[in-house]
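**Student:** Submitted below is the structure of interest, expressed as structure tokens.
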Amino acid sequence: MTELFTILIATVLVNNFVLVQFLGLCPFMGVSTKLESAVGMSAATTFVLTLASVCSYLINNFVLEPFNLEFLRTISFILVIATVVSFSKMYIEKTSPVLYRVLGIYIPLITTNCAVLGVALLNVTNSHNFFQSGLYGFGAGIGFSLVLILFAAMRERIAVADAPTAFRGAAIGMITAGLMSLAFMGFSGLVTL
Amino acid sequence: MEFFIEHIVIIAVLTLSGLAILFGAILGAASVKFKVEGDPLVEQIDALLPQTQCGQCGYPGCKPYATAIADGKADINRCPPGGHTTIQALSDLLGVEAKPLDAEHGVEAEVKTVAYIREDECIGCTKCIQACPVDAILGAAKLMHTIVESECTGCDLCVEPCPVDCIDMLPVDQPLSEWHWNLPPATREVLGSMKAGDLIGSDRANPDPNSSAETTKSNGDRAA
């Protein structure tokens with residue numbers, strides 16, 4: 001139990017995928033201009049991360065390892081992720097057309113979000129079991145959501161602030177992201193795995 | 001085991017093909033199950049439009065206009081009967097910027113109106129009945145017409161065809177349920193209408209560089 005909790009804290013705060021490991025920066029910069037779409041993107045990414053993490057664990061343990069096909073890991077994980085993303089795209093399109101319209105092109109972009117593949121591969125490297133894999137993916141998703149929503153909220157305020165002309169738009173966003181990353185360095189050493 | 005090692009390429013190809021077929025089947029089933037019929041967004045937009053069917057937007061009715069908005073062919077600011085409240089609701093739904101009503105398609109009525117037929121002047125020509133998009137006018141040829149007030153959307157379309165000009169647009173009393181506070185003017189507008197020196201603080205509220213020089217000057221005067 002303690003170990004599971006440690007994994008959660010470690011992935012959400014200490015080894016945050018975006019601000020500490022620098023994975024998944026594309027949606028972090030791309031979808032953070034509006035809080036509403038950031039929340040939608042966070043939910044979609046968390047869902048995909050958890051599901052992809054579990055699915056790739058199953059594929060790795062029950063298909064690849066019995067046949068000694070570890071060298072196919074990357075390509076089969078990409079296959080799994082693409083399937084999960086397409087599935088969630090169809091699901092969102094059916095259940096929430098407005099969210100679908102807001103997220104638009106970003107849903108297929110989750111496929112190329114390297115955090116998703118990163119989680120799947122790190123699960124194998126750290127030899128996580130089934131529950132640990134799911135929790136690792138979920139923790140990564142929560143961590144991603146946390147920083148994306150915080151960042152989007154900040155950018156909404158920065159957009160109406162009088163930043164000097166040279167810093168407006170992406171530039172001040174990059175600086176903000178850098179400062180957030182510095183702040184998250186403060187969590188290192190909070191949990192030791 | 002030896003078989004596995006010798007034929008590793010074949011096994012790899014077979015495994016990947018198997019996985020691809022499996023995932024393809026899952027996605028195929030999902031695309032049947034989650035098939036989107038029509039565009040649900042059109043329904044949501046249509047629900048926000050006032051359903052006057054007046055055609056002032058340039059489309060034959062509210063539903064065609066909703067379809068055009070969903071396709072991105074029409075802007076959201078073409079509905080005079082809905083006015084700024086409809087534009088605001090549409091911009092919230094679609095996540096786009098709200099803009100003022102397009103004057104090309106008419107102006108928003110100050111007050112809500114309904115049509116009223118001065119019945120003793122009506123000659124019973126039925127022209128207004130044909131013009132009414134919501135069937136709010138009762139009557140028959142050579143008989144007096146009248147308007148069902150609760151159905152009338154105040155679209156003005158019946159005024160034009162009347163040969164004896166016996167239709168008036170009368171304002172309706174605003175019911176308590178539709179009453180709302182007048183919003184205070186936006187802060188920027190208030191700041192913009194102030195002269196430099198009225199307010200101590202940032203000169204950035206006023207983008208005009210001359211006025212910031214003025215502010216500095218007046219501050220200098222004050223210091224002196």
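Numbering starts fresh at 1 for the residues of each chain in the structure tokens, the chains themselves are lettered A, B, ... in the order given, and ligands are numbered from 1 as they appear.
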Can you list, as a list of chain:residue names, every protein, DNA or RNA residue that comes within 7 Å of stretch 77-92 of chain B when you count only C-alpha atoms, leaving out same-chain residues fewer than 6 positions away?

**Tutor:** B:Ile45, B:Leu48, B:Leu49, B:Pro50, B:Gln56, B:Cys57, B:Ala98, B:Lys99, B:Pro100, B:Leu101, B:Asp102, B:His105, B:Gly106, B:Val107, B:Glu108

**Student:** Filtering to N, CA and C atoms, could you give me those residues as an mmCIF file, in the first residue's frame?

**Tutor:**
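The resulting file, selection-v2.cif, is shown below:
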data_model
loop_
_atom_site.group_PDB
_atom_site.id
_atom_site.type_symbol
_atom_site.label_atom_id
_atom_site.label_comp_id
_atom_site.auth_asym_id
_atom_site.auth_seq_id
_atom_site.Cartn_x
_atom_site.Cartn_y
_atom_site.Cartn_z
ATOM 1 N N ILE B 45 -26.845 23.962 -31.197
ATOM 2 C CA ILE B 45 -26.898 25.352 -31.667
ATOM 3 C C ILE B 45 -28.347 25.759 -31.905
ATOM 4 N N LEU B 48 -30.265 26.964 -29.009
ATOM 5 C CA LEU B 48 -29.942 28.291 -28.489
ATOM 6 C C LEU B 48 -30.563 29.408 -29.323
ATOM 7 N N LEU B 49 -30.883 29.107 -30.582
ATOM 8 C CA LEU B 49 -31.451 30.140 -31.450
ATOM 9 C C LEU B 49 -32.907 30.399 -31.052
ATOM 10 N N PRO B 50 -33.412 31.602 -31.321
ATOM 11 C CA PRO B 50 -34.725 31.977 -30.786
ATOM 12 C C PRO B 50 -35.914 31.318 -31.491
ATOM 13 N N GLN B 56 -33.801 36.505 -41.132
ATOM 14 C CA GLN B 56 -32.988 37.725 -41.238
ATOM 15 C C GLN B 56 -31.503 37.410 -41.338
ATOM 16 N N CYS B 57 -31.125 36.186 -40.958
ATOM 17 C CA CYS B 57 -29.721 35.801 -41.038
ATOM 18 C C CYS B 57 -29.303 35.464 -42.462
ATOM 19 N N ALA B 98 -17.088 36.230 -28.755
ATOM 20 C CA ALA B 98 -18.374 36.881 -29.018
ATOM 21 C C ALA B 98 -18.120 38.196 -29.737
ATOM 22 N N LYS B 99 -18.956 38.498 -30.740
ATOM 23 C CA LYS B 99 -18.786 39.782 -31.423
ATOM 24 C C LYS B 99 -20.123 40.497 -31.508
ATOM 25 N N PRO B 100 -20.078 41.802 -31.798
ATOM 26 C CA PRO B 100 -21.355 42.528 -31.884
ATOM 27 C C PRO B 100 -22.172 42.059 -33.070
ATOM 28 N N LEU B 101 -23.474 42.301 -32.985
ATOM 29 C CA LEU B 101 -24.399 41.876 -34.026
ATOM 30 C C LEU B 101 -24.025 42.492 -35.369
ATOM 31 N N ASP B 102 -24.083 41.667 -36.436
ATOM 32 C CA ASP B 102 -23.778 42.148 -37.785
ATOM 33 C C ASP B 102 -24.918 43.037 -38.271
ATOM 34 N N HIS B 105 -27.541 42.355 -41.158
ATOM 35 C CA HIS B 105 -28.698 41.469 -41.041
ATOM 36 C C HIS B 105 -29.792 42.051 -40.148
ATOM 37 N N GLY B 106 -29.662 43.298 -39.777
ATOM 38 C CA GLY B 106 -30.713 43.918 -38.974
ATOM 39 C C GLY B 106 -30.186 44.329 -37.617
ATOM 40 N N VAL B 107 -30.983 45.125 -36.932
ATOM 41 C CA VAL B 107 -30.559 45.600 -35.627
ATOM 42 C C VAL B 107 -31.409 44.941 -34.549
ATOM 43 N N GLU B 108 -30.797 44.801 -33.386
ATOM 44 C CA GLU B 108 -31.503 44.186 -32.280
ATOM 45 C C GLU B 108 -32.578 45.147 -31.772
#

**Student:** Can you build me a table of chain B residues sitting at most 10 Å from chain A, with the closest atom pair per residue and its distance in Å to one decimal, using only C-alpha atoms, sorted by chain and residue number, as CSV?

**Tutor:**
residue,atom,partner,partner_atom,distance
B:Met1,CA,A:Phe67,CA,9.2
B:Phe4,CA,A:Phe67,CA,7.1
B:Ile5,CA,A:Asn68,CA,8.3
B:Ile8,CA,A:Leu69,CA,8.0
B:Val9,CA,A:Leu69,CA,9.5
B:Ile11,CA,A:Phe67,CA,7.7
B:Ala12,CA,A:Leu69,CA,6.7
B:Val13,CA,A:Leu72,CA,9.9
B:Thr15,CA,A:Val63,CA,7.8
B:Leu16,CA,A:Ser76,CA,7.1
B:Leu19,CA,A:Ser76,CA,7.9
B:Ala20,CA,A:Leu79,CA,7.4
B:Phe23,CA,A:Thr83,CA,6.4
B:Gly24,CA,A:Thr83,CA,8.0
B:Ile26,CA,A:Thr83,CA,8.3
B:Leu27,CA,A:Phe87,CA,6.4
B:Gly28,CA,A:Phe87,CA,9.7
B:Ala29,CA,A:Phe87,CA,10.0
B:Ala30,CA,A:Phe87,CA,6.8
B:Ser31,CA,A:Met90,CA,6.8
B:Val32,CA,A:Met90,CA,9.8
B:Lys33,CA,A:Met90,CA,9.3
B:Phe34,CA,A:Lys94,CA,5.8
B:Lys35,CA,A:Lys94,CA,7.0
B:Val36,CA,A:Lys94,CA,5.8
B:Glu37,CA,A:Lys94,CA,8.9
B:Asp39,CA,A:Pro97,CA,8.4
B:Pro40,CA,A:Pro97,CA,6.7
B:Leu41,CA,A:Pro97,CA,6.3
B:Gln44,CA,A:Val98,CA,9.3
B:Leu93,CA,A:Val98,CA,7.2
B:Leu94,CA,A:Val98,CA,7.0
B:Gly95,CA,A:Val102,CA,7.1
B:Val96,CA,A:Val102,CA,9.8
B:Arg204,CA,A:Asp162,CA,7.6
B:Ala205,CA,A:Asp162,CA,9.4

**Student:** Give me a file of those residues, with N, CA and C atoms, as a short mmCIF file (atom, residue, chain, number, x, y, z; two decimals), in the first residue's frame.

**Tutor:**
data_model
loop_
_atom_site.label_atom_id
_atom_site.label_comp_id
_atom_site.auth_asym_id
_atom_site.auth_seq_id
_atom_site.Cartn_x
_atom_site.Cartn_y
_atom_site.Cartn_z
N MET B 1 11.73 -24.62 -28.09
CA MET B 1 12.55 -23.42 -27.86
C MET B 1 13.42 -23.14 -29.08
N PHE B 4 11.54 -21.66 -31.82
CA PHE B 4 11.31 -20.22 -31.62
C PHE B 4 12.50 -19.41 -32.08
N ILE B 5 13.69 -19.87 -31.71
CA ILE B 5 14.88 -19.08 -32.02
C ILE B 5 15.16 -19.12 -33.53
N ILE B 8 12.52 -16.94 -35.59
CA ILE B 8 12.14 -15.74 -34.84
C ILE B 8 11.52 -14.68 -35.74
N VAL B 9 12.01 -14.59 -36.98
CA VAL B 9 11.48 -13.56 -37.89
C VAL B 9 10.02 -13.86 -38.22
N ILE B 11 7.94 -15.62 -36.50
CA ILE B 11 7.11 -15.42 -35.31
C ILE B 11 6.87 -13.95 -35.07
N ALA B 12 7.92 -13.15 -35.28
CA ALA B 12 7.76 -11.70 -35.08
C ALA B 12 6.71 -11.14 -36.03
N VAL B 13 6.82 -11.54 -37.30
CA VAL B 13 5.86 -11.04 -38.29
C VAL B 13 4.45 -11.49 -37.93
N THR B 15 3.26 -12.36 -34.98
CA THR B 15 2.77 -11.71 -33.76
C THR B 15 2.28 -10.30 -34.06
N LEU B 16 3.11 -9.57 -34.80
CA LEU B 16 2.71 -8.19 -35.10
C LEU B 16 1.44 -8.16 -35.94
N LEU B 19 -1.46 -8.90 -33.69
CA LEU B 19 -1.82 -7.72 -32.88
C LEU B 19 -2.56 -6.70 -33.74
N ALA B 20 -2.04 -6.45 -34.95
CA ALA B 20 -2.65 -5.44 -35.81
C ALA B 20 -4.07 -5.83 -36.16
N PHE B 23 -6.30 -5.32 -33.02
CA PHE B 23 -6.62 -3.91 -32.78
C PHE B 23 -7.53 -3.36 -33.86
N GLY B 24 -7.29 -3.80 -35.10
CA GLY B 24 -8.17 -3.37 -36.19
C GLY B 24 -9.60 -3.79 -35.93
N ILE B 26 -10.98 -4.38 -32.99
CA ILE B 26 -11.52 -3.57 -31.88
C ILE B 26 -11.97 -2.21 -32.41
N LEU B 27 -11.11 -1.57 -33.22
CA LEU B 27 -11.46 -0.25 -33.73
C LEU B 27 -12.65 -0.31 -34.67
N GLY B 28 -12.71 -1.38 -35.47
CA GLY B 28 -13.85 -1.54 -36.37
C GLY B 28 -15.15 -1.64 -35.60
N ALA B 29 -15.13 -2.47 -34.54
CA ALA B 29 -16.33 -2.62 -33.71
C ALA B 29 -16.69 -1.30 -33.06
N ALA B 30 -15.66 -0.57 -32.58
CA ALA B 30 -15.92 0.71 -31.92
C ALA B 30 -16.52 1.72 -32.89
N SER B 31 -16.04 1.71 -34.13
CA SER B 31 -16.56 2.71 -35.08
C SER B 31 -18.02 2.42 -35.42
N VAL B 32 -18.42 1.15 -35.32
CA VAL B 32 -19.84 0.85 -35.53
C VAL B 32 -20.64 1.27 -34.30
N LYS B 33 -20.10 0.95 -33.11
CA LYS B 33 -20.84 1.23 -31.88
C LYS B 33 -20.95 2.73 -31.61
N PHE B 34 -19.86 3.45 -31.85
CA PHE B 34 -19.86 4.89 -31.55
C PHE B 34 -20.13 5.73 -32.79
N LYS B 35 -20.88 5.19 -33.73
CA LYS B 35 -21.16 5.92 -34.96
C LYS B 35 -21.95 7.19 -34.64
N VAL B 36 -21.50 8.31 -35.16
CA VAL B 36 -22.17 9.58 -34.90
C VAL B 36 -23.19 9.83 -36.01
N GLU B 37 -24.45 9.87 -35.62
CA GLU B 37 -25.49 10.10 -36.62
C GLU B 37 -25.82 11.59 -36.68
N ASP B 39 -25.14 15.55 -36.96
CA ASP B 39 -24.20 16.33 -36.19
C ASP B 39 -24.89 16.80 -34.92
N PRO B 40 -24.56 16.24 -33.77
CA PRO B 40 -25.24 16.63 -32.54
C PRO B 40 -25.05 18.11 -32.23
N LEU B 41 -23.96 18.69 -32.76
CA LEU B 41 -23.69 20.10 -32.50
C LEU B 41 -24.79 20.97 -33.10
N GLN B 44 -27.58 21.32 -30.72
CA GLN B 44 -27.28 22.20 -29.58
C GLN B 44 -27.33 23.66 -29.99
N LEU B 93 -20.83 28.17 -26.18
CA LEU B 93 -20.95 26.78 -26.63
C LEU B 93 -19.80 26.41 -27.56
N LEU B 94 -19.47 27.31 -28.47
CA LEU B 94 -18.51 26.96 -29.51
C LEU B 94 -17.08 27.33 -29.14
N GLY B 95 -16.92 28.07 -28.03
CA GLY B 95 -15.57 28.45 -27.64
C GLY B 95 -14.95 29.46 -28.58
N VAL B 96 -15.77 30.31 -29.19
CA VAL B 96 -15.20 31.36 -30.03
C VAL B 96 -15.54 32.72 -29.43
N ARG B 204 -0.40 52.44 -18.45
CA ARG B 204 -0.61 51.46 -19.50
C ARG B 204 -2.07 51.33 -19.88
N ALA B 205 -2.96 51.79 -18.98
CA ALA B 205 -4.37 51.73 -19.33
C ALA B 205 -4.65 52.59 -20.54
#

**Student:** Compare A:Cys26, A:Val39, A:Pro108, A:Val119 by their minimum atom-to-atom distance to A:Ala140, counting only C-alpha atoms, and give me the closest one.

**Tutor:**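 The answer is A:Val119, which sits nearest to A:Ala140.
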
**Student:** For A:Ile158, work out the shell of residues within 12 Å, counting only C-alpha atoms and skipping chain neighbours fewer than 3 positions away, then give it as a list in words.

**Tutor:**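 What passes the distance filter is Ser32, Thr33, Lys34, Phe151, Ala152, Ala153, Met154, Arg155, Ala161, Asp162, Ala163, Pro164, Phe167, Arg168, Gly169, Ala170, Ala171, Ile172, Gly173, Met174, Ile175 and Thr176 of chain A.
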
**Student:** Grab the residues selected above and save them as a short mmCIF file (atom, residue, chain, number, x, y, z; two decimals), in the first residue's frame with C-alpha atoms.

**Tutor:**
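Final file, again-v1.cif:
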data_model
loop_
_atom_site.label_atom_id
_atom_site.label_comp_id
_atom_site.auth_asym_id
_atom_site.auth_seq_id
_atom_site.Cartn_x
_atom_site.Cartn_y
_atom_site.Cartn_z
CA SER A 32 -2.43 25.62 -22.56
CA THR A 33 -3.79 28.90 -23.92
CA LYS A 34 -7.33 28.22 -22.67
CA PHE A 151 0.09 26.46 -16.63
CA ALA A 152 -3.09 27.19 -18.62
CA ALA A 153 -4.54 29.18 -15.72
CA MET A 154 -1.34 31.21 -15.55
CA ARG A 155 -1.24 31.80 -19.30
CA ALA A 161 -1.24 41.29 -18.57
CA ASP A 162 0.93 44.01 -20.04
CA ALA A 163 4.00 41.97 -20.85
CA PRO A 164 6.67 43.81 -22.86
CA PHE A 167 7.98 38.71 -24.54
CA ARG A 168 4.33 38.35 -25.57
CA GLY A 169 2.84 35.00 -26.56
CA ALA A 170 5.06 31.93 -26.64
CA ALA A 171 8.13 33.68 -25.20
CA ILE A 172 6.58 34.51 -21.84
CA GLY A 173 5.03 31.02 -21.90
CA MET A 174 8.46 29.42 -22.21
CA ILE A 175 9.80 31.54 -19.37
CA THR A 176 6.81 30.60 -17.20
#

**Student:** Excluding stretch 9-16 of chain A and its own-chain neighbours fewer than 4 positions away, which residues fall within 7 Å of it when counting only C-alpha atoms? Please give them as a VMD selection string.

**Tutor:** chain A and resid 5 20 to 21 136 139 to 140 142 to 143 187 to 188 190 to 191

**Student:** Compare A:Phe62, A:Phe138, A:Phe77, A:Tyr57 by their minimum atom-to-atom distance to A:Leu8, counting only C-alpha atoms, and give me the closest one.

**Tutor:**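 Going through A:Phe62, A:Phe138, A:Phe77, A:Tyr57 one by one, the smallest distance to A:Leu8 is for A:Phe138.
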
**Student:** Closest to B:Thr153 among B:Pro171, B:Gly18, B:Gly72, B:Gly58, using only C-alpha atoms?

**Tutor:**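 Nearest candidate to B:Thr153 out of B:Pro171, B:Gly18, B:Gly72, B:Gly58: B:Pro171.
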
**Student:** Contacts of B:Thr126 at 9 Å or less, counting only C-alpha atoms, minus same-chain residues fewer than 5 places along, as a list in words?

**Tutor:**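 Within the cut-off, the hits are Ala131, Gly139, Ala140, Ala141, Lys142, Leu143, His145 and Cys162 of chain B.
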
**Student:** May I have all residues of stretch 5-192 of chain A that DSSP, computed from the backbone, assigns to alpha helix (DSSP H), given as number ranges by chain?

**Tutor:** A: 5-9, 25-30, 35-59, 73-95, 97-103, 106-109, 114-125, 130-160, 170-185

**Student:** Which residue gives the smallest distance to A:Asn60 among A:Tyr100, A:Phe47, A:Phe28, A:Phe130, with only C-alpha atoms counted?

**Tutor:**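 Going through A:Tyr100, A:Phe47, A:Phe28, A:Phe130 one by one, the smallest distance to A:Asn60 is for A:Phe130.
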
**Student:** Record the distance separating atom CA of A:Ser53 and atom CA of A:Val85, expressed in Å with one decimal.

**Tutor:**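 Rounded to one decimal, the two atoms are 12.3 Å apart.
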